[in-house]
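K.L.:
Contents of data_29.txt (compact mmCIF, N, CA and C atoms) are below:
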```
# COMPACT_ATOMS: atom_id res chain seq x y z
N MET K 368 52.65 159.52 110.65
CA MET K 368 53.59 159.60 109.57
C MET K 368 53.68 158.23 108.91
N LYS K 369 53.99 158.26 107.63
CA LYS K 369 54.12 157.04 106.84
C LYS K 369 55.46 157.07 106.10
N THR K 370 56.03 155.89 105.90
CA THR K 370 57.21 155.81 105.04
C THR K 370 56.71 155.67 103.61
N ILE K 371 57.49 156.22 102.70
CA ILE K 371 57.13 156.20 101.29
C ILE K 371 58.33 155.76 100.46
N GLU K 372 58.05 155.31 99.22
CA GLU K 372 59.15 155.05 98.30
C GLU K 372 59.90 156.37 98.12
N ALA K 373 61.21 156.30 98.06
CA ALA K 373 62.04 157.50 97.97
C ALA K 373 61.66 158.36 96.77
N VAL K 374 61.59 159.67 97.03
CA VAL K 374 61.27 160.66 96.00
C VAL K 374 62.35 161.72 96.02
N SER K 375 62.89 162.04 94.85
CA SER K 375 63.91 163.10 94.75
C SER K 375 63.23 164.46 94.71
N ILE K 376 63.76 165.40 95.49
CA ILE K 376 63.20 166.75 95.57
C ILE K 376 64.36 167.74 95.46
N TRP K 377 64.19 168.73 94.60
CA TRP K 377 65.19 169.78 94.45
C TRP K 377 65.04 170.74 95.63
N ASP K 378 66.11 170.90 96.41
CA ASP K 378 66.05 171.72 97.62
C ASP K 378 67.29 172.59 97.71
N ASN K 379 67.12 173.89 97.53
CA ASN K 379 68.24 174.85 97.63
C ASN K 379 69.46 174.46 96.82
N GLY K 380 69.23 174.08 95.57
CA GLY K 380 70.34 173.80 94.67
C GLY K 380 70.89 172.39 94.73
N THR K 381 70.30 171.53 95.56
CA THR K 381 70.75 170.14 95.62
C THR K 381 69.54 169.21 95.56
N THR K 382 69.78 168.00 95.15
CA THR K 382 68.72 167.00 95.14
C THR K 382 68.71 166.28 96.47
N GLN K 383 67.57 166.30 97.13
CA GLN K 383 67.39 165.63 98.41
C GLN K 383 66.41 164.47 98.21
N THR K 384 66.40 163.54 99.14
CA THR K 384 65.50 162.39 99.05
C THR K 384 64.50 162.41 100.20
N ALA K 385 63.22 162.40 99.85
CA ALA K 385 62.16 162.33 100.85
C ALA K 385 61.72 160.88 100.98
N THR K 386 61.60 160.41 102.21
CA THR K 386 61.17 159.03 102.48
C THR K 386 60.03 158.96 103.50
N ILE K 387 59.55 160.12 103.95
CA ILE K 387 58.50 160.15 104.98
C ILE K 387 57.42 161.15 104.57
N LEU K 388 56.18 160.72 104.70
CA LEU K 388 55.03 161.58 104.48
C LEU K 388 54.37 161.84 105.82
N ASN K 389 54.20 163.12 106.15
CA ASN K 389 53.48 163.51 107.35
C ASN K 389 52.25 164.28 106.89
N ALA K 390 51.10 164.04 107.50
CA ALA K 390 49.89 164.75 107.11
C ALA K 390 48.90 164.78 108.25
N TYR K 391 48.09 165.83 108.27
CA TYR K 391 47.00 165.89 109.23
C TYR K 391 45.94 166.86 108.73
N ALA K 392 44.72 166.65 109.18
CA ALA K 392 43.61 167.51 108.78
C ALA K 392 43.73 168.84 109.49
N VAL K 393 43.63 169.93 108.73
CA VAL K 393 43.71 171.26 109.34
C VAL K 393 42.36 171.97 109.31
N ASN K 394 41.45 171.49 108.46
CA ASN K 394 40.13 172.10 108.40
C ASN K 394 39.15 171.08 107.84
N VAL K 395 38.15 170.74 108.62
CA VAL K 395 37.12 169.80 108.18
C VAL K 395 35.78 170.51 108.28
N THR K 396 35.08 170.59 107.15
CA THR K 396 33.73 171.13 107.12
C THR K 396 32.81 169.93 106.94
N LEU K 397 32.08 169.57 107.98
CA LEU K 397 31.26 168.36 107.96
C LEU K 397 30.34 168.32 106.75
N ASN K 398 30.29 167.14 106.15
CA ASN K 398 29.47 166.86 104.97
C ASN K 398 29.89 167.64 103.73
N THR K 399 31.07 168.27 103.75
CA THR K 399 31.49 169.07 102.60
C THR K 399 32.91 168.77 102.16
N SER K 400 33.90 169.00 103.04
CA SER K 400 35.29 168.89 102.62
C SER K 400 36.24 168.75 103.81
N ALA K 401 37.46 168.39 103.49
CA ALA K 401 38.52 168.33 104.49
C ALA K 401 39.81 168.82 103.82
N THR K 402 40.52 169.69 104.50
CA THR K 402 41.80 170.17 104.00
C THR K 402 42.90 169.56 104.85
N PHE K 403 43.89 168.97 104.17
CA PHE K 403 45.01 168.31 104.83
C PHE K 403 46.29 169.09 104.57
N TYR K 404 47.08 169.26 105.60
CA TYR K 404 48.42 169.80 105.47
C TYR K 404 49.36 168.60 105.36
N TYR K 405 50.29 168.63 104.41
CA TYR K 405 51.24 167.53 104.27
C TYR K 405 52.66 168.06 104.23
N GLN K 406 53.58 167.19 104.59
CA GLN K 406 55.02 167.46 104.52
C GLN K 406 55.70 166.23 103.96
N LEU K 407 56.71 166.44 103.13
CA LEU K 407 57.61 165.37 102.71
C LEU K 407 58.91 165.62 103.44
N LEU K 408 59.36 164.61 104.17
CA LEU K 408 60.52 164.75 105.05
C LEU K 408 61.65 163.83 104.62
N ALA K 409 62.87 164.26 104.95
CA ALA K 409 64.05 163.42 104.73
C ALA K 409 64.03 162.27 105.73
N GLU K 410 64.89 161.31 105.52
CA GLU K 410 64.91 160.09 106.33
C GLU K 410 65.01 160.35 107.82
N ASN K 411 65.71 161.41 108.21
CA ASN K 411 65.86 161.69 109.65
C ASN K 411 64.62 162.35 110.25
N ALA K 412 63.61 162.65 109.44
CA ALA K 412 62.34 163.26 109.85
C ALA K 412 62.51 164.65 110.47
N ASN K 413 63.71 165.20 110.41
CA ASN K 413 63.95 166.55 110.93
C ASN K 413 64.02 167.59 109.82
N THR K 414 64.15 167.14 108.57
CA THR K 414 64.31 168.06 107.46
C THR K 414 63.09 168.02 106.55
N GLN K 415 62.37 169.13 106.49
CA GLN K 415 61.22 169.23 105.60
C GLN K 415 61.71 169.60 104.21
N LEU K 416 61.31 168.82 103.21
CA LEU K 416 61.74 169.08 101.84
C LEU K 416 60.63 169.66 100.98
N ALA K 417 59.38 169.40 101.34
CA ALA K 417 58.23 169.96 100.62
C ALA K 417 57.04 169.97 101.56
N GLN K 418 56.09 170.86 101.29
CA GLN K 418 54.88 170.94 102.11
C GLN K 418 53.79 171.60 101.30
N GLY K 419 52.56 171.42 101.75
CA GLY K 419 51.44 172.04 101.07
C GLY K 419 50.12 171.61 101.67
N ASN K 420 49.03 171.97 101.00
CA ASN K 420 47.68 171.63 101.43
C ASN K 420 46.95 170.94 100.30
N LEU K 421 46.11 170.00 100.64
CA LEU K 421 45.24 169.32 99.69
C LEU K 421 43.82 169.34 100.25
N THR K 422 42.83 169.59 99.40
CA THR K 422 41.45 169.62 99.85
C THR K 422 40.68 168.46 99.22
N MET K 423 40.07 167.67 100.09
CA MET K 423 39.28 166.52 99.67
C MET K 423 37.81 166.95 99.66
N THR K 424 37.14 166.72 98.53
CA THR K 424 35.73 167.08 98.41
C THR K 424 34.99 165.97 97.67
N GLY K 425 33.68 166.15 97.53
CA GLY K 425 32.87 165.26 96.71
C GLY K 425 32.89 163.82 97.18
N GLU K 426 32.96 162.90 96.19
CA GLU K 426 32.91 161.47 96.48
C GLU K 426 34.06 161.02 97.37
N ALA K 427 35.24 161.58 97.14
CA ALA K 427 36.39 161.21 97.99
C ALA K 427 36.09 161.54 99.45
N TYR K 428 35.49 162.72 99.69
CA TYR K 428 35.17 163.10 101.07
C TYR K 428 34.12 162.17 101.67
N THR K 429 33.08 161.84 100.91
CA THR K 429 32.02 160.97 101.46
C THR K 429 32.52 159.55 101.67
N ASP K 430 33.55 159.12 100.92
CA ASP K 430 34.12 157.78 101.09
C ASP K 430 35.10 157.70 102.27
N TRP K 431 35.50 158.85 102.79
CA TRP K 431 36.48 158.89 103.88
C TRP K 431 35.80 158.52 105.19
N THR K 432 36.04 157.28 105.63
CA THR K 432 35.48 156.82 106.90
C THR K 432 36.56 156.36 107.87
N VAL K 433 37.74 156.06 107.35
CA VAL K 433 38.86 155.64 108.20
C VAL K 433 40.11 156.41 107.78
N ASP K 434 41.04 156.56 108.71
CA ASP K 434 42.25 157.33 108.44
C ASP K 434 43.07 156.79 107.28
N ASN K 435 43.15 155.46 107.14
CA ASN K 435 43.95 154.90 106.05
C ASN K 435 43.46 155.36 104.69
N TYR K 436 42.15 155.57 104.55
CA TYR K 436 41.62 156.09 103.29
C TYR K 436 42.21 157.47 103.00
N ALA K 437 42.26 158.33 104.01
CA ALA K 437 42.82 159.67 103.83
C ALA K 437 44.30 159.60 103.47
N TRP K 438 45.06 158.72 104.15
CA TRP K 438 46.48 158.57 103.81
C TRP K 438 46.65 158.14 102.36
N ASP K 439 45.86 157.15 101.94
CA ASP K 439 45.95 156.67 100.55
C ASP K 439 45.55 157.76 99.56
N TRP K 440 44.53 158.54 99.89
CA TRP K 440 44.09 159.62 99.01
C TRP K 440 45.18 160.68 98.86
N ILE K 441 45.79 161.08 99.98
CA ILE K 441 46.88 162.07 99.94
C ILE K 441 48.03 161.55 99.10
N ALA K 442 48.42 160.29 99.32
CA ALA K 442 49.53 159.71 98.55
C ALA K 442 49.20 159.68 97.06
N GLU K 443 47.96 159.35 96.73
CA GLU K 443 47.55 159.31 95.32
C GLU K 443 47.62 160.71 94.70
N GLN K 444 47.18 161.72 95.43
CA GLN K 444 47.22 163.09 94.91
C GLN K 444 48.65 163.55 94.65
N LEU K 445 49.58 163.08 95.47
CA LEU K 445 50.99 163.48 95.35
C LEU K 445 51.82 162.50 94.52
N ASN K 446 51.16 161.45 94.01
CA ASN K 446 51.84 160.42 93.23
C ASN K 446 52.95 159.74 94.04
N LEU K 447 52.60 159.38 95.27
CA LEU K 447 53.53 158.71 96.18
C LEU K 447 53.06 157.29 96.44
N VAL K 448 53.98 156.43 96.86
CA VAL K 448 53.65 155.06 97.24
C VAL K 448 54.00 154.89 98.72
N ILE K 449 52.99 154.61 99.52
CA ILE K 449 53.21 154.38 100.95
C ILE K 449 53.76 152.97 101.12
N THR K 450 54.83 152.87 101.92
CA THR K 450 55.44 151.56 102.15
C THR K 450 55.22 151.03 103.56
N GLY K 451 54.78 151.87 104.48
CA GLY K 451 54.53 151.38 105.84
C GLY K 451 54.39 152.50 106.84
N GLU K 452 54.33 152.11 108.10
CA GLU K 452 54.25 153.06 109.20
C GLU K 452 55.65 153.59 109.50
N TYR K 453 55.73 154.86 109.82
CA TYR K 453 57.01 155.43 110.21
C TYR K 453 57.27 155.08 111.67
N VAL K 454 58.42 154.52 111.94
CA VAL K 454 58.82 154.20 113.30
C VAL K 454 60.09 155.00 113.58
N PRO K 455 60.02 155.98 114.47
CA PRO K 455 61.20 156.79 114.73
C PRO K 455 62.34 155.95 115.30
N PRO K 456 63.56 156.28 114.92
CA PRO K 456 64.69 155.53 115.47
C PRO K 456 64.81 155.75 116.97
N VAL K 457 65.27 154.73 117.64
CA VAL K 457 65.48 154.81 119.09
C VAL K 457 66.98 154.94 119.31
N PRO K 458 67.41 155.99 120.00
CA PRO K 458 68.84 156.12 120.23
C PRO K 458 69.36 154.96 121.05
N PRO K 459 70.57 154.51 120.75
CA PRO K 459 71.12 153.39 121.51
C PRO K 459 71.29 153.76 122.98
N GLN K 460 71.02 152.81 123.82
CA GLN K 460 71.19 153.02 125.25
C GLN K 460 72.65 152.79 125.61
N PRO K 461 73.20 153.63 126.48
CA PRO K 461 74.59 153.41 126.86
C PRO K 461 74.76 152.08 127.59
N THR K 462 75.87 151.45 127.35
CA THR K 462 76.17 150.19 128.02
C THR K 462 76.55 150.49 129.46
N PRO K 463 75.85 149.88 130.40
CA PRO K 463 76.18 150.17 131.81
C PRO K 463 77.57 149.63 132.16
N GLU K 464 78.20 150.33 133.07
CA GLU K 464 79.50 149.89 133.56
C GLU K 464 79.32 148.57 134.30
N PRO K 465 80.23 147.63 134.10
CA PRO K 465 80.08 146.37 134.84
C PRO K 465 80.21 146.59 136.34
N THR K 466 79.41 145.88 137.09
CA THR K 466 79.46 145.98 138.55
C THR K 466 80.55 145.03 139.05
N PRO K 467 81.53 145.58 139.76
CA PRO K 467 82.59 144.70 140.24
C PRO K 467 82.06 143.72 141.29
N GLU K 468 82.63 142.54 141.27
CA GLU K 468 82.26 141.52 142.26
C GLU K 468 82.79 141.97 143.61
N PRO K 469 82.00 141.78 144.67
CA PRO K 469 82.49 142.17 145.99
C PRO K 469 83.67 141.27 146.41
N ILE K 470 84.58 141.86 147.12
CA ILE K 470 85.73 141.10 147.60
C ILE K 470 85.38 140.54 148.96
N VAL K 471 85.42 139.22 149.06
CA VAL K 471 85.12 138.55 150.32
C VAL K 471 86.41 137.95 150.84
N GLU K 472 86.78 138.37 152.04
CA GLU K 472 88.01 137.83 152.62
C GLU K 472 87.72 136.45 153.18
N ASP K 473 88.73 135.59 153.09
CA ASP K 473 88.56 134.24 153.62
C ASP K 473 88.33 134.32 155.12
N ALA K 474 87.25 133.74 155.57
CA ALA K 474 86.95 133.70 156.99
C ALA K 474 87.35 132.33 157.53
N GLU K 475 87.87 132.35 158.74
CA GLU K 475 88.25 131.06 159.32
C GLU K 475 87.00 130.35 159.80
N VAL K 476 86.95 129.09 159.51
CA VAL K 476 85.82 128.29 159.94
C VAL K 476 86.29 127.50 161.16
N GLU K 477 85.58 127.70 162.23
CA GLU K 477 85.97 126.99 163.45
C GLU K 477 85.22 125.68 163.51
N PRO K 478 85.92 124.63 163.94
CA PRO K 478 85.23 123.34 164.04
C PRO K 478 84.19 123.39 165.15
N ALA K 479 83.15 122.62 164.97
CA ALA K 479 82.08 122.56 165.96
C ALA K 479 82.60 121.88 167.23
N ASP K 480 82.10 122.34 168.36
CA ASP K 480 82.49 121.70 169.61
C ASP K 480 81.94 120.28 169.65
N VAL K 481 82.74 119.44 170.25
CA VAL K 481 82.34 118.04 170.34
C VAL K 481 81.07 117.93 171.21
N GLU K 482 80.95 118.77 172.18
CA GLU K 482 79.81 118.72 173.08
C GLU K 482 78.51 119.09 172.37
N ASP K 483 78.61 119.86 171.28
CA ASP K 483 77.41 120.30 170.56
C ASP K 483 76.85 119.22 169.66
N THR K 484 77.59 118.16 169.43
CA THR K 484 77.09 117.12 168.54
C THR K 484 76.03 116.33 169.27
N ILE K 485 75.09 115.86 168.54
CA ILE K 485 73.98 115.11 169.12
C ILE K 485 74.40 113.65 169.26
N GLU K 486 74.18 113.14 170.43
CA GLU K 486 74.50 111.73 170.67
C GLU K 486 73.30 110.91 170.32
N GLU K 487 73.57 109.76 169.77
CA GLU K 487 72.48 108.87 169.42
C GLU K 487 72.26 107.83 170.44
```
Could you write out this structure as structure tokens?

P.N.:
Amino acid sequence: MKTIEAVSIWDNGTTQTATILNAYAVNVTLNTSATFYYQLLAENANTQLAQGNLTMTGEAYTDWTVDNYAWDWIAEQLNLVITGEYVPPVPPQPTPEPTPEPIVEDAEVEPADVEDTIEE
């Protein structure tokens, strides 16, 4: 998935904003063509606002040697501007409860026996 410059899309009577492009090859005929399925998604990546298929043929197909070329081609066909890689949000981790300090009772310290001391 790629992030894109925001695009307004009419969706069920309201204007929604797509900021994510998702795409993948669904049919590749070697030396001939490739068909890509694409989706335009809302910022949360859970809401699909538009979808469809694009078929790459001819010179565009023969020039396709790396994935970034296909992403750029799809964006060009849809008149979109890719702004970067999509990085899904990471839910915040809960703050752990503080560990209480152990309670240590005062222990009596007994003096050493005089006999145990080393004589010089």

K.L.:
Under the rule that all atoms listed in the file are counted, which of K:Thr429, K:Thr424, K:Thr370, K:Gln444 is the nearest residue to Ala385 in chain K?

P.N.:
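For Ala385 in chain K, the nearest of the given residues is K:Thr370.
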
K.L.:
So what do you get for CA of Leu407 in chain K versus CA of Leu445 in chain K, distance-wise?

P.N.:
10.1 Å

K.L.:
Write out as a ChimeraX atom specification the set of residues from range 422-455 of chain K that DSSP, computed on the backbone, places in strand (DSSP E).

P.N.:
/K:422-424,449-452

K.L.:
Using all atoms listed in the file, which of the listed residues (K:Gly425, K:Pro461, K:Gly419, K:Gly380) sits closest to Thr399 in chain K?

P.N.:
K:Gly425

K.L.:
How far is it from atom N of Ala442 in chain K to atom N of Pro458 in chain K, in Å with one decimal?

P.N.:
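If I compute the distance from atom N of Ala442 in chain K to atom N of Pro458 in chain K, I get 28.4 Å.
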
K.L.:
Report, in Å to a single decimal, how far apart CA of Leu408 in chain K and CA of Val433 in chain K are.

P.N.:
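These atoms are spaced 23.7 Å apart.
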
K.L.:
Do a neighbour search on range 388-391 of chain K at 9 Å with only C-alpha atoms, toss out local chain neighbours closer than 3 positions, and write the hits as a PyMOL selection string.

P.N.:
chain K and resi 368-371+385+402-408+438+441-442+447+449+453

K.L.:
Would you mind exporting N, CA and C atoms of the selected residues as a compact mmCIF listing (two decimals), keeping the file's coordinate frame?

P.N.:
```
# COMPACT_ATOMS: atom_id res chain seq x y z
N MET K 368 52.65 159.52 110.65
CA MET K 368 53.59 159.60 109.57
C MET K 368 53.68 158.23 108.91
N LYS K 369 53.99 158.26 107.63
CA LYS K 369 54.12 157.04 106.84
C LYS K 369 55.46 157.07 106.10
N THR K 370 56.03 155.89 105.90
CA THR K 370 57.21 155.81 105.04
C THR K 370 56.71 155.67 103.61
N ILE K 371 57.49 156.22 102.70
CA ILE K 371 57.13 156.20 101.29
C ILE K 371 58.33 155.76 100.46
N ALA K 385 63.22 162.40 99.85
CA ALA K 385 62.16 162.33 100.85
C ALA K 385 61.72 160.88 100.98
N THR K 402 40.52 169.69 104.50
CA THR K 402 41.80 170.17 104.00
C THR K 402 42.90 169.56 104.85
N PHE K 403 43.89 168.97 104.17
CA PHE K 403 45.01 168.31 104.83
C PHE K 403 46.29 169.09 104.57
N TYR K 404 47.08 169.26 105.60
CA TYR K 404 48.42 169.80 105.47
C TYR K 404 49.36 168.60 105.36
N TYR K 405 50.29 168.63 104.41
CA TYR K 405 51.24 167.53 104.27
C TYR K 405 52.66 168.06 104.23
N GLN K 406 53.58 167.19 104.59
CA GLN K 406 55.02 167.46 104.52
C GLN K 406 55.70 166.23 103.96
N LEU K 407 56.71 166.44 103.13
CA LEU K 407 57.61 165.37 102.71
C LEU K 407 58.91 165.62 103.44
N LEU K 408 59.36 164.61 104.17
CA LEU K 408 60.52 164.75 105.05
C LEU K 408 61.65 163.83 104.62
N TRP K 438 45.06 158.72 104.15
CA TRP K 438 46.48 158.57 103.81
C TRP K 438 46.65 158.14 102.36
N ILE K 441 45.79 161.08 99.98
CA ILE K 441 46.88 162.07 99.94
C ILE K 441 48.03 161.55 99.10
N ALA K 442 48.42 160.29 99.32
CA ALA K 442 49.53 159.71 98.55
C ALA K 442 49.20 159.68 97.06
N LEU K 447 52.60 159.38 95.27
CA LEU K 447 53.53 158.71 96.18
C LEU K 447 53.06 157.29 96.44
N ILE K 449 52.99 154.61 99.52
CA ILE K 449 53.21 154.38 100.95
C ILE K 449 53.76 152.97 101.12
N TYR K 453 55.73 154.86 109.82
CA TYR K 453 57.01 155.43 110.21
C TYR K 453 57.27 155.08 111.67
```

K.L.:
Between K:Asn446, K:Ser375, K:Thr384, K:Thr462, single out the one closest to Glu410 in chain K, counting only C-alpha atoms.

P.N.:
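The closest residue to Glu410 in chain K is K:Thr384.
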
K.L.:
Tell me which of K:Gln460, K:Asn420, K:Thr381, K:Asn411 sits closest to Asn394 in chain K, counting only C-alpha atoms.

P.N.:
K:Asn420

K.L.:
Any chance you could list, as a short mmCIF file (atom, residue, chain, number, x, y, z; two decimals) with N, CA and C atoms, keeping the file's coordinate frame, the residues in chain K that come up helix (DSSP H, G or I) when DSSP is run on the backbone?

P.N.:
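Writing done, so here's states-v7.cif:
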```cif
data_model
loop_
_atom_site.label_atom_id
_atom_site.label_comp_id
_atom_site.auth_asym_id
_atom_site.auth_seq_id
_atom_site.Cartn_x
_atom_site.Cartn_y
_atom_site.Cartn_z
N GLY K 425 33.68 166.15 97.53
CA GLY K 425 32.87 165.26 96.71
C GLY K 425 32.89 163.82 97.18
N GLU K 426 32.96 162.90 96.19
CA GLU K 426 32.91 161.47 96.48
C GLU K 426 34.06 161.02 97.37
N ALA K 427 35.24 161.58 97.14
CA ALA K 427 36.39 161.21 97.99
C ALA K 427 36.09 161.54 99.45
N TYR K 428 35.49 162.72 99.69
CA TYR K 428 35.17 163.10 101.07
C TYR K 428 34.12 162.17 101.67
N THR K 429 33.08 161.84 100.91
CA THR K 429 32.02 160.97 101.46
C THR K 429 32.52 159.55 101.67
N ASP K 430 33.55 159.12 100.92
CA ASP K 430 34.12 157.78 101.09
C ASP K 430 35.10 157.70 102.27
N ASP K 434 41.04 156.56 108.71
CA ASP K 434 42.25 157.33 108.44
C ASP K 434 43.07 156.79 107.28
N ASN K 435 43.15 155.46 107.14
CA ASN K 435 43.95 154.90 106.05
C ASN K 435 43.46 155.36 104.69
N TYR K 436 42.15 155.57 104.55
CA TYR K 436 41.62 156.09 103.29
C TYR K 436 42.21 157.47 103.00
N ALA K 437 42.26 158.33 104.01
CA ALA K 437 42.82 159.67 103.83
C ALA K 437 44.30 159.60 103.47
N TRP K 438 45.06 158.72 104.15
CA TRP K 438 46.48 158.57 103.81
C TRP K 438 46.65 158.14 102.36
N ASP K 439 45.86 157.15 101.94
CA ASP K 439 45.95 156.67 100.55
C ASP K 439 45.55 157.76 99.56
N TRP K 440 44.53 158.54 99.89
CA TRP K 440 44.09 159.62 99.01
C TRP K 440 45.18 160.68 98.86
N ILE K 441 45.79 161.08 99.98
CA ILE K 441 46.88 162.07 99.94
C ILE K 441 48.03 161.55 99.10
N ALA K 442 48.42 160.29 99.32
CA ALA K 442 49.53 159.71 98.55
C ALA K 442 49.20 159.68 97.06
N GLU K 443 47.96 159.35 96.73
CA GLU K 443 47.55 159.31 95.32
C GLU K 443 47.62 160.71 94.70
N GLN K 444 47.18 161.72 95.43
CA GLN K 444 47.22 163.09 94.91
C GLN K 444 48.65 163.55 94.65
N VAL K 481 82.74 119.44 170.25
CA VAL K 481 82.34 118.04 170.34
C VAL K 481 81.07 117.93 171.21
N GLU K 482 80.95 118.77 172.18
CA GLU K 482 79.81 118.72 173.08
C GLU K 482 78.51 119.09 172.37
N ASP K 483 78.61 119.86 171.28
CA ASP K 483 77.41 120.30 170.56
C ASP K 483 76.85 119.22 169.66
#
```

K.L.:
Please write out, as lines of an AutoDock Vina configuration file, where the centre of an axis-aligned box around all listed atoms of range 398-414 of chain K lies and how long its edges are, in Å to one decimal, after adding 8 Å on each side.

P.N.:
```
center_x = 47.7
center_y = 165.1
center_z = 106.5
size_x = 52.4
size_y = 26.1
size_z = 24.8
```

K.L.:
Here is a test: counting only N, CA and C atoms, which residue of K:Met423, K:Trp440, K:Ala409, K:Ser400 is nearest to Thr386 in chain K?

P.N.:
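With only N, CA and C atoms as the atom set, the closest residue is K:Ala409.
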
K.L.:
Counting only C-alpha atoms, figure out which residue out of K:Asn398, K:Gln415, K:Thr450, K:Asn379 gets nearest to Thr432 in chain K.

P.N.:
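Ranked by minimum distance to Thr432 in chain K, first place goes to K:Asn398.
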